[in-house]
file upload.cif (mmCIF, C-alpha atoms)
data_final
#
loop_
_atom_site.label_atom_id
_atom_site.label_comp_id
_atom_site.auth_asym_id
_atom_site.auth_seq_id
_atom_site.Cartn_x
_atom_site.Cartn_y
_atom_site.Cartn_z
CA MET N 21 -12.13 -8.08 22.22
CA THR N 22 -13.24 -5.28 19.97
CA SER N 23 -12.88 -7.27 16.84
CA TYR N 24 -14.44 -10.33 18.46
CA GLY N 25 -17.30 -8.21 19.80
CA GLY N 26 -17.90 -6.81 16.37
CA PHE N 27 -18.15 -10.30 15.05
CA GLN N 28 -20.67 -11.22 17.70
CA ARG N 29 -22.78 -8.23 16.90
CA THR N 30 -23.11 -9.17 13.30
CA GLY N 31 -23.53 -12.82 14.12
CA TYR N 32 -26.19 -12.70 16.78
CA GLY N 33 -27.81 -9.27 16.55
CA ALA N 34 -30.09 -9.50 19.56
CA GLN N 35 -27.25 -10.58 21.81
CA ALA N 36 -25.25 -7.43 21.25
CA ALA N 37 -27.02 -5.70 24.14
CA ASN N 38 -25.70 -8.32 26.52
CA GLU N 39 -22.19 -8.08 25.27
CA ASP N 40 -20.89 -6.03 28.20
CA GLY N 41 -22.03 -8.69 30.60
CA GLY N 42 -19.44 -11.04 29.23
CA GLY N 43 -19.65 -14.55 27.87
CA PHE N 44 -21.99 -15.88 30.51
CA MET N 45 -24.75 -13.46 29.69
CA GLY N 46 -24.37 -14.24 26.05
CA GLY N 47 -24.81 -17.90 26.87
CA ALA N 48 -27.86 -17.17 28.98
CA SER N 49 -29.67 -15.31 26.27
CA GLN N 50 -28.75 -18.03 23.85
CA SER N 51 -30.36 -20.67 26.00
CA GLY N 52 -33.36 -18.36 26.27
CA SER N 53 -33.75 -18.28 22.54
CA GLN N 54 -33.47 -22.06 22.47
CA GLY N 55 -36.29 -22.25 24.97
CA GLN N 56 -38.57 -20.62 22.44
CA LYS N 57 -37.93 -23.38 19.96
CA LYS N 58 -40.40 -26.19 19.92
CA SER N 59 -39.59 -28.77 22.53
CA TYR N 60 -40.34 -32.13 21.06
CA VAL N 61 -40.30 -33.67 24.51
CA ASP N 62 -43.68 -32.16 25.35
CA GLU N 63 -45.37 -33.36 22.19
CA PHE N 64 -47.96 -36.05 22.36
CA LEU N 65 -50.41 -37.54 19.95
CA ARG N 66 -53.87 -36.22 20.54
CA PRO N 67 -57.10 -37.70 19.18
CA VAL N 68 -59.29 -34.94 17.74
CA THR N 69 -62.30 -34.26 15.56
CA VAL N 70 -61.87 -32.17 12.44
CA ARG N 71 -64.05 -29.50 14.05
CA GLN N 72 -61.52 -29.14 16.86
CA LEU N 73 -58.69 -28.75 14.36
CA LEU N 74 -60.56 -26.02 12.51
CA ASP N 75 -61.24 -24.24 15.82
CA CYS N 76 -57.59 -24.30 16.97
CA LYS N 77 -56.26 -20.95 18.02
CA PRO N 78 -52.68 -19.73 18.17
CA GLY N 79 -51.20 -19.39 21.65
CA TYR N 80 -49.69 -16.29 23.24
CA ASN N 81 -46.59 -16.19 21.10
CA ASP N 82 -48.50 -16.87 17.88
CA SER N 83 -46.27 -19.82 17.04
CA ASP N 84 -48.04 -22.92 18.27
CA LEU N 85 -51.68 -23.78 17.94
CA HIS N 86 -53.58 -24.40 21.13
CA LEU N 87 -56.59 -26.57 21.84
CA ASP N 88 -58.28 -26.55 25.25
CA GLY N 89 -55.31 -24.52 26.51
CA GLN N 90 -52.82 -27.17 25.47
CA PRO N 91 -50.30 -26.78 22.66
CA ILE N 92 -51.16 -29.18 19.90
CA THR N 93 -48.94 -30.50 17.15
CA GLN N 94 -49.40 -34.21 16.59
CA VAL N 95 -52.93 -35.40 16.01
CA THR N 96 -54.84 -38.45 14.94
CA PHE N 97 -58.33 -38.46 13.52
CA VAL N 98 -60.67 -40.46 11.32
CA GLY N 99 -62.73 -39.42 8.35
CA GLN N 100 -63.94 -40.21 4.88
CA VAL N 101 -61.91 -39.27 1.84
CA ARG N 102 -63.99 -36.75 -0.14
CA SER N 103 -61.51 -35.91 -2.86
CA LEU N 104 -57.94 -36.69 -3.72
CA ASN N 105 -55.44 -34.79 -5.75
CA PRO N 106 -52.37 -36.84 -6.67
CA GLN N 107 -49.20 -34.91 -7.51
CA THR N 108 -45.71 -36.12 -8.28
CA THR N 109 -44.44 -35.66 -4.71
CA ASN N 110 -47.57 -35.88 -2.61
CA ILE N 111 -51.25 -36.68 -2.54
CA THR N 112 -53.67 -34.17 -1.04
CA TYR N 113 -56.85 -35.65 0.39
CA LYS N 114 -59.89 -33.83 1.66
CA VAL N 115 -60.98 -35.74 4.74
CA ASP N 116 -64.46 -35.30 6.24
CA ASP N 117 -65.54 -36.75 9.57
CA GLY N 118 -69.01 -35.19 9.68
CA THR N 119 -67.83 -32.30 11.83
CA GLY N 120 -65.85 -30.58 9.10
CA THR N 121 -63.42 -31.11 6.25
CA ILE N 122 -59.65 -30.66 6.29
CA ASP N 123 -56.83 -31.08 3.79
CA VAL N 124 -54.40 -33.90 4.45
CA LYS N 125 -51.11 -33.97 2.59
CA LYS N 126 -49.33 -37.30 2.33
CA TRP N 127 -45.84 -37.07 0.93
CA ILE N 128 -44.84 -39.90 -1.32
CA ASP N 129 -41.74 -41.74 -0.24
CA PRO N 130 -39.68 -42.05 -3.45
CA GLU N 131 -38.05 -45.24 -2.22
CA LYS N 132 -41.37 -46.95 -1.77
CA ALA N 133 -43.00 -45.38 -4.79
CA GLY N 134 -45.36 -47.54 -6.67
CA ASP N 135 -46.12 -50.43 -4.37
CA SER N 136 -47.11 -49.87 -0.76
CA GLU N 137 -48.13 -46.21 -1.14
CA SER N 138 -51.56 -47.15 -2.29
CA LYS N 139 -54.09 -44.41 -2.72
CA PHE N 140 -57.30 -44.38 -0.74
CA GLY N 141 -60.47 -44.39 -2.79
CA LEU N 142 -63.30 -41.90 -2.49
CA ASP N 143 -65.60 -42.33 0.52
CA THR N 144 -63.32 -44.81 2.27
CA TYR N 145 -62.82 -44.24 5.96
CA VAL N 146 -59.20 -43.58 6.87
CA ARG N 147 -57.29 -42.96 10.06
CA VAL N 148 -54.71 -40.21 9.80
CA PHE N 149 -51.68 -39.66 12.00
CA GLY N 150 -49.97 -36.37 11.33
CA ARG N 151 -48.77 -32.95 12.30
CA ILE N 152 -50.78 -29.75 12.09
CA GLN N 153 -49.29 -27.37 9.61
CA SER N 154 -50.29 -23.86 8.78
CA PHE N 155 -49.60 -22.43 5.36
CA ASN N 156 -50.79 -18.94 4.36
CA GLY N 157 -53.17 -18.97 7.29
CA LYS N 158 -54.81 -22.18 6.13
CA LEU N 159 -54.48 -25.34 8.14
CA HIS N 160 -53.62 -28.68 6.71
CA ILE N 161 -52.32 -31.91 8.13
CA GLY N 162 -48.96 -33.30 7.12
CA ALA N 163 -49.70 -36.99 7.38
CA HIS N 164 -47.02 -39.30 8.74
CA HIS N 165 -49.20 -42.29 8.22
CA MET N 166 -52.62 -43.10 6.86
CA ARG N 167 -54.46 -46.35 6.84
CA ALA N 168 -57.88 -47.52 5.81
CA ILE N 169 -60.36 -48.35 8.56
CA ASP N 170 -61.69 -51.88 8.30
CA ASP N 171 -64.03 -51.91 11.29
CA PHE N 172 -66.53 -49.05 11.27
CA ASN N 173 -66.77 -49.14 15.06
CA GLU N 174 -63.30 -47.58 15.15
CA VAL N 175 -64.89 -44.36 13.90
CA ASN N 176 -67.27 -44.19 16.84
CA TYR N 177 -64.52 -45.29 19.19
CA HIS N 178 -62.33 -42.47 17.99
CA LEU N 179 -65.06 -39.87 18.53
CA LEU N 180 -65.51 -41.11 22.10
CA GLU N 181 -61.76 -40.97 22.69
CA ALA N 182 -61.52 -37.43 21.32
CA THR N 183 -64.37 -36.37 23.61
CA TYR N 184 -62.74 -38.06 26.60
CA VAL N 185 -59.43 -36.32 26.03
CA HIS N 186 -61.21 -33.00 25.58
CA LEU N 187 -63.03 -33.48 28.88
CA CYS N 188 -59.81 -34.48 30.64
CA PHE N 189 -58.25 -31.18 29.65
CA THR N 190 -61.26 -28.98 30.30
CA LYS N 191 -62.73 -30.59 33.42
CA GLY N 192 -59.79 -32.44 34.93
CA ALA N 193 -59.21 -36.16 34.78
CA GLY N 194 -62.27 -36.86 36.92
CA GLY N 195 -62.69 -39.23 39.83
CA GLY N 196 -61.01 -36.77 42.18
CA GLY N 197 -61.97 -36.02 45.77
CA ASN N 198 -64.62 -33.56 46.86
CA ALA N 199 -62.20 -30.66 46.85
CA ALA N 200 -61.27 -31.41 43.28
CA ALA N 201 -64.89 -31.78 42.29
CA GLY N 202 -65.64 -28.36 43.71
CA HIS N 203 -62.75 -26.99 41.76
CA ASP N 204 -63.92 -28.61 38.57
CA ALA N 205 -67.34 -27.02 38.78
CA GLY N 206 -65.74 -23.96 37.23
CA GLY N 207 -64.17 -26.09 34.55
CA ASP N 208 -66.21 -24.52 31.81
CA SER N 209 -64.79 -21.08 32.48
CA MET N 210 -62.24 -19.63 30.14
CA PHE N 211 -59.56 -19.67 32.82
CA VAL N 212 -59.26 -23.37 33.35
CA ASP N 213 -55.51 -23.39 33.37
CA SER N 214 -54.89 -20.55 35.77
CA GLY N 215 -57.55 -21.73 38.19
CA ASN N 216 -56.75 -25.41 38.34
CA HIS N 217 -52.99 -25.23 38.59
CA ASN N 218 -52.65 -28.45 40.56
CA SER N 219 -53.75 -30.51 37.63
CA ASN N 220 -50.94 -29.04 35.54
CA LYS N 221 -48.29 -30.43 37.86
CA THR N 222 -50.00 -33.78 38.19
CA ALA N 223 -51.17 -33.98 34.61
CA ASN N 224 -49.10 -37.10 33.96
CA CYS N 225 -50.07 -38.82 37.20
CA SER N 226 -52.64 -41.48 37.87
CA ARG N 227 -55.98 -40.52 39.37
CA ALA N 228 -54.99 -41.81 42.78
CA ALA N 229 -51.87 -39.68 42.72
CA GLN N 230 -53.84 -36.62 41.64
CA ARG N 231 -56.31 -37.23 44.42
CA LEU N 232 -53.55 -37.58 46.98
CA TYR N 233 -51.89 -34.41 45.70
CA ASP N 234 -55.16 -32.50 45.94
CA PHE N 235 -55.70 -33.77 49.47
CA LEU N 236 -52.19 -32.83 50.56
CA SER N 237 -52.43 -29.38 49.04
CA GLY N 238 -55.80 -28.90 50.73
CA SER N 239 -54.48 -29.70 54.19
CA GLU N 240 -52.92 -26.83 56.11
CA ASP N 241 -50.12 -28.71 57.83
CA GLY N 242 -47.37 -26.73 56.20
CA THR N 243 -44.06 -28.53 56.20
CA THR N 244 -44.86 -31.22 58.78
CA GLY N 245 -46.79 -33.20 56.20
CA VAL N 246 -49.75 -35.52 56.53
CA ASN N 247 -49.50 -39.08 57.84
CA LEU N 248 -50.74 -42.11 55.95
CA ASN N 249 -53.49 -42.75 58.52
CA GLU N 250 -54.85 -39.23 58.21
CA ILE N 251 -54.87 -39.54 54.42
CA VAL N 252 -56.69 -42.86 54.58
CA SER N 253 -59.38 -41.47 56.85
CA GLY N 254 -59.53 -38.19 54.99
CA THR N 255 -59.84 -39.50 51.45
CA GLY N 256 -61.30 -42.95 52.01
CA MET N 257 -58.59 -44.44 49.81
CA ALA N 258 -57.03 -47.78 50.69
CA ALA N 259 -53.66 -47.55 52.45
CA SER N 260 -51.95 -49.55 49.72
CA ASP N 261 -53.35 -47.18 47.08
CA VAL N 262 -52.11 -44.20 49.06
CA SER N 263 -48.63 -45.71 49.30
CA ARG N 264 -48.55 -46.41 45.60
CA ALA N 265 -49.79 -42.91 44.77
CA ALA N 266 -47.22 -41.40 47.13
CA ASP N 267 -44.44 -43.39 45.47
CA GLU N 268 -45.58 -42.02 42.15
CA LEU N 269 -45.60 -38.44 43.41
CA LEU N 270 -42.20 -38.96 45.06
CA GLY N 271 -40.85 -40.20 41.76
CA GLN N 272 -42.13 -37.05 40.05
CA GLY N 273 -40.61 -34.86 42.74
CA LEU N 274 -43.98 -33.41 43.70
CA VAL N 275 -43.99 -34.50 47.36
CA TYR N 276 -41.34 -35.41 49.93
CA THR N 277 -41.33 -37.50 53.08
CA THR N 278 -41.07 -35.60 56.36
CA VAL N 279 -40.93 -37.20 59.85
CA ASP N 280 -41.09 -40.78 58.61
CA ASP N 281 -41.58 -42.76 55.40
CA GLU N 282 -45.36 -42.59 55.67
CA THR N 283 -45.77 -38.86 56.07
CA TRP N 284 -45.72 -36.65 53.02
CA ALA N 285 -45.78 -32.94 52.29
CA ILE N 286 -46.09 -31.02 49.04
CA LEU N 287 -42.77 -30.03 47.56
CA ASP N 288 -43.49 -26.45 46.58
CA TYR N 289 -41.25 -24.56 44.26
CA MET J 20 -69.07 -30.43 1.87
CA ASP J 21 -70.11 -28.73 5.08
CA ALA J 22 -70.43 -30.47 8.37
CA THR J 23 -73.08 -33.16 8.60
CA PRO J 24 -74.25 -33.58 12.20
CA ARG J 25 -74.66 -37.12 13.44
CA VAL J 26 -78.31 -37.73 14.30
CA THR J 27 -80.72 -40.47 15.19
CA CYS J 28 -84.44 -40.62 14.49
CA GLY J 29 -85.36 -38.39 17.42
CA TYR J 30 -83.25 -35.48 16.25
CA LEU J 31 -84.64 -35.31 12.70
CA ASN J 32 -87.23 -32.60 13.30
CA SER J 33 -84.50 -30.20 14.43
CA TYR J 34 -82.67 -30.67 11.14
CA VAL J 35 -85.31 -30.24 8.44
CA ASN J 36 -83.73 -29.09 5.16
CA LYS J 37 -80.26 -29.72 6.54
CA ASN J 38 -77.70 -32.36 5.71
CA VAL J 39 -77.20 -34.99 8.37
CA MET J 40 -75.36 -38.25 8.91
CA VAL J 41 -77.26 -41.31 10.15
CA VAL J 42 -75.83 -44.67 11.15
CA GLY J 43 -78.42 -47.40 11.33
CA LYS J 44 -79.52 -50.84 10.32
CA VAL J 45 -81.31 -51.48 7.05
CA ILE J 46 -84.64 -53.08 7.93
CA GLN J 47 -86.41 -53.13 4.61
CA LEU J 48 -85.64 -52.29 1.01
CA ARG J 49 -88.51 -51.01 -1.14
CA GLY J 50 -86.97 -50.21 -4.49
CA GLU J 51 -86.37 -46.49 -4.43
CA SER J 52 -86.54 -46.18 -0.66
CA ALA J 53 -85.40 -48.04 2.41
CA LEU J 54 -86.41 -48.27 6.04
CA ILE J 55 -83.51 -47.69 8.41
CA ASP J 56 -83.47 -48.19 12.17
CA ALA J 57 -81.46 -45.55 13.98
CA ASP J 58 -83.03 -45.44 17.44
CA GLY J 59 -86.34 -45.32 15.54
CA ASN J 60 -87.34 -45.94 11.96
CA ILE J 61 -86.32 -43.52 9.24
CA THR J 62 -87.40 -43.65 5.60
CA ALA J 63 -84.53 -43.00 3.23
CA HIS J 64 -85.08 -42.07 -0.43
CA LEU J 65 -82.18 -43.66 -2.22
CA ASN J 66 -80.15 -42.39 -5.10
CA ARG J 67 -78.88 -44.52 -7.93
CA ASP J 68 -75.47 -45.06 -6.39
CA SER J 69 -76.61 -46.41 -3.07
CA HIS J 70 -76.28 -50.14 -2.67
CA LEU J 71 -77.87 -51.24 0.58
CA THR J 72 -78.22 -54.71 1.97
CA ALA J 73 -81.13 -55.57 4.23
CA GLY J 74 -79.89 -56.52 7.68
CA SER J 75 -76.53 -54.82 7.51
CA GLY J 76 -75.47 -51.44 8.78
CA VAL J 77 -75.39 -48.32 6.69
CA GLN J 78 -74.16 -44.79 7.04
CA ILE J 79 -76.24 -42.37 5.03
CA ILE J 80 -75.60 -38.70 4.47
CA GLY J 81 -78.57 -36.82 3.18
CA LYS J 82 -81.02 -33.98 3.45
CA VAL J 83 -83.88 -34.16 5.92
CA GLN J 84 -87.22 -33.63 4.14
CA PRO J 85 -90.21 -31.84 5.74
CA ASP J 86 -91.87 -35.24 6.29
CA LEU J 87 -88.73 -36.31 8.24
CA SER J 88 -87.60 -38.75 5.60
CA ILE J 89 -84.07 -38.41 4.27
CA LYS J 90 -83.07 -37.83 0.67
CA VAL J 91 -79.83 -39.75 0.41
CA LEU J 92 -76.77 -38.04 -1.06
CA SER J 93 -74.29 -40.73 -0.15
CA ALA J 94 -74.62 -44.16 1.39
CA LEU J 95 -71.91 -46.41 2.74
CA ASP J 96 -72.45 -50.05 3.53
CA LEU J 97 -70.92 -50.89 6.92
CA GLY J 98 -71.34 -54.65 7.01
CA THR J 99 -72.96 -56.54 9.84
CA ALA J 100 -70.49 -55.97 12.69
CA VAL J 101 -71.79 -52.53 13.65
CA ASP J 102 -72.38 -51.73 17.31
CA TYR J 103 -75.61 -49.71 17.06
CA ASN J 104 -75.70 -48.89 20.76
CA LEU J 105 -72.26 -47.37 20.41
CA ALA J 106 -73.35 -45.39 17.36
CA ASN J 107 -76.42 -44.06 19.18
CA THR J 108 -74.31 -43.16 22.22
CA VAL J 109 -71.93 -41.22 20.03
CA VAL J 110 -74.88 -39.31 18.57
CA GLU J 111 -76.08 -38.37 22.06
CA LEU J 112 -72.58 -37.38 23.06
CA SER J 113 -72.03 -35.30 19.96
CA HIS J 114 -75.09 -33.24 20.91
CA GLN J 115 -73.89 -32.82 24.49
CA HIS J 116 -70.43 -31.64 23.50
CA ARG J 117 -71.19 -29.38 20.61
CA SER J 118 -67.83 -27.66 20.65
CA LEU J 119 -66.24 -30.82 19.30
CA PHE J 120 -68.91 -31.76 16.79
CA ALA J 121 -71.30 -28.95 16.17
CA SER J 122 -71.56 -27.07 12.94
CA ASP J 123 -73.94 -24.35 14.00
#

call {"tool": "encode", "arguments": {"input": "upload.cif", "output": "structure tokens"}}
result
Amino acid sequence: MTSYGGFQRTGYGAQAANEDGGGFMGGASQSGSQGQKKSYVDEFLRPVTVRQLLDCKPGYNDSDLHLDGQPITQVTFVGQVRSLNPQTTNITYKVDDGTGTIDVKKWIDPEKAGDSESKFGLDTYVRVFGRIQSFNGKLHIGAHHMRAIDDFNEVNYHLLEATYVHLCFTKGAGGGGNAAAGHDAGGDSMFVDSGNHNSNKTANCSRAAQRLYDFLSGSEDGTTGVNLNEIVSGTGMAASDVSRAADELLGQGLVYTTVDDETWAILDY
Amino acid sequence: MDATPRVTCGYLNSYVNKNVMVVGKVIQLRGESALIDADGNITAHLNRDSHLTAGSGVQIIGKVQPDLSIKVLSALDLGTAVDYNLANTVVELSHQHRSLFASD
């Protein structure tokens, strides 16, 4: 054990403190360190303006950038090419969407070199899909894909979409019941996330499901749950919509059925 | 280049001596200048590189003059399939949600 322990100490450093706890503790701290790695499962492609990218701030642990309280890695945006700087392995574009300018680096695929990797001319509108990267404190975008925009309306469409997504994160997905609307009135505060914790759990749910969840969490029935009829009269939703929303929440493990199949309670954990 | 706020005719007097971006329809070409409709008529003083077509859409980036005309720095022809209502809505929206668009 001594020789093995010595090996562990050199190998893992931080784990040495847990050594006396045996193998299980070592495993636990290992999984903890894995948890700090980026989880690619949570990544999603977010439409943004360049201004938002430039205003991104690092989160608590200084590793990921955050926008509207959400970690942000993959982005898509539109803009005009203002300058391009071709190198042997990549092309760096300066892309301007009227709200700011950002560097976009497109690596050249050596296997496709020459033909399809066409360069984008000055002042052409492009759509960029890429990953935010920070180098020496300066942001740039590592582009996975870039394409020219043929229909100018896509530019305006994109700006609307970016605004919509921003509002979804800062004010909730909208369309909720009265309780939710009251909650959202404080949406402009700096503590959106801590205040509106329901919307974190139901962030991936439809509006009906979010509304149902808000209604259930607002009712004080404890573990007995709320019956379909009460929900219908309380929210004004159609019974079929309530059933569908409940199925969705059941599937996500956010509610459970109590006395019968049409009575639900919040599954709190 | 710094940020160029999206504006329509009505916003021009807030942006005198600043660079702005306007999306509108070319109504009339008069040699060195053009009349552009962006929720109101704007006179644009063209540069040598701008190639506008009467009747089609244009995006101009330029400096707002004290007489509320625009001295064009760059012009981009957008063709005829431009949804001007959409463009004007985006301008309104960009002034409502300044954190996403604003430069000041």

call {"tool": "resolve_selection", "arguments": {"input": "upload.cif", "expression": "the PyMOL selection byres ((chain J) within 6 of (chain N))", "output": "list of chain:residue names"}}
result
J:Ala22, J:Thr23, J:Leu119, J:Phe120

call {"tool": "atom_distance", "arguments": {"input": "upload.cif", "atom1": "atom CA of Lys44 of chain J", "atom2": "atom CA of Asn60 of chain J"}}
result
9.4 Å

call {"tool": "resolve_selection", "arguments": {"input": "upload.cif", "expression": "the PyMOL selection byres ((chain J and resi 103) around 9)", "output": "PyMOL selection string"}}
result
chain J and resi 42-44+57-58+76+101-102+104-108

call {"tool": "resolve_selection", "arguments": {"input": "upload.cif", "expression": "the PyMOL selection byres ((chain J and resi 53) around 12)", "output": "PyMOL selection string"}}
result
chain J and resi 43-52+54-56+60-66+69-74+77+79+88-91+94

call {"tool": "residues_around", "arguments": {"input": "upload.cif", "residues": "Arg25 of chain J", "least_positions_apart": "5", "cutoff": "8 Å", "atoms": "all atoms listed in the file", "output": "compact mmCIF listing (two decimals) with C-alpha atoms, in the frame of the given file"}}
result
# COMPACT_ATOMS: atom_id res chain seq x y z
CA GLY N 118 -69.01 -35.19 9.68
CA VAL J 39 -77.20 -34.99 8.37
CA MET J 40 -75.36 -38.25 8.91
CA VAL J 41 -77.26 -41.31 10.15
CA VAL J 42 -75.83 -44.67 11.15
CA VAL J 110 -74.88 -39.31 18.57
CA SER J 113 -72.03 -35.30 19.96

call {"tool": "atom_distance", "arguments": {"input": "upload.cif", "atom1": "atom CA of Val185 of chain N", "atom2": "atom CA of Leu112 of chain J"}}
result
13.5 Å

call {"tool": "atom_distance", "arguments": {"input": "upload.cif", "atom1": "atom CA of Gln100 of chain N", "atom2": "atom CA of Tyr184 of chain N"}}
result
21.9 Å

call {"tool": "closest_residue", "arguments": {"input": "upload.cif", "among": "J:Gly29, J:Val109, J:His114, J:Ala121", "to": "Gly59 of chain J", "atoms": "all atoms listed in the file"}}
result
J:Gly29

call {"tool": "residues_near_point", "arguments": {"input": "upload.cif", "point": "(-84.1, -35.0, 11.6)", "cutoff": "10 Å", "atoms": "only C-alpha atoms", "output": "list in words"}}
result
Pro24, Arg25, Val26, Thr27, Cys28, Gly29, Tyr30, Leu31, Asn32, Ser33, Tyr34, Val35, Asn36, Lys37, Asn38, Val39, Met40, Val41, Ile61, Lys82, Val83, Gln84, Pro85, Asp86, Leu87, Ser88 and Ile89 of chain J

call {"tool": "closest_residue", "arguments": {"input": "upload.cif", "among": "N:Gly99, N:Glu250, N:Asp88, N:Arg264", "to": "Lys191 of chain N", "atoms": "all atoms listed in the file"}}
result
N:Asp88
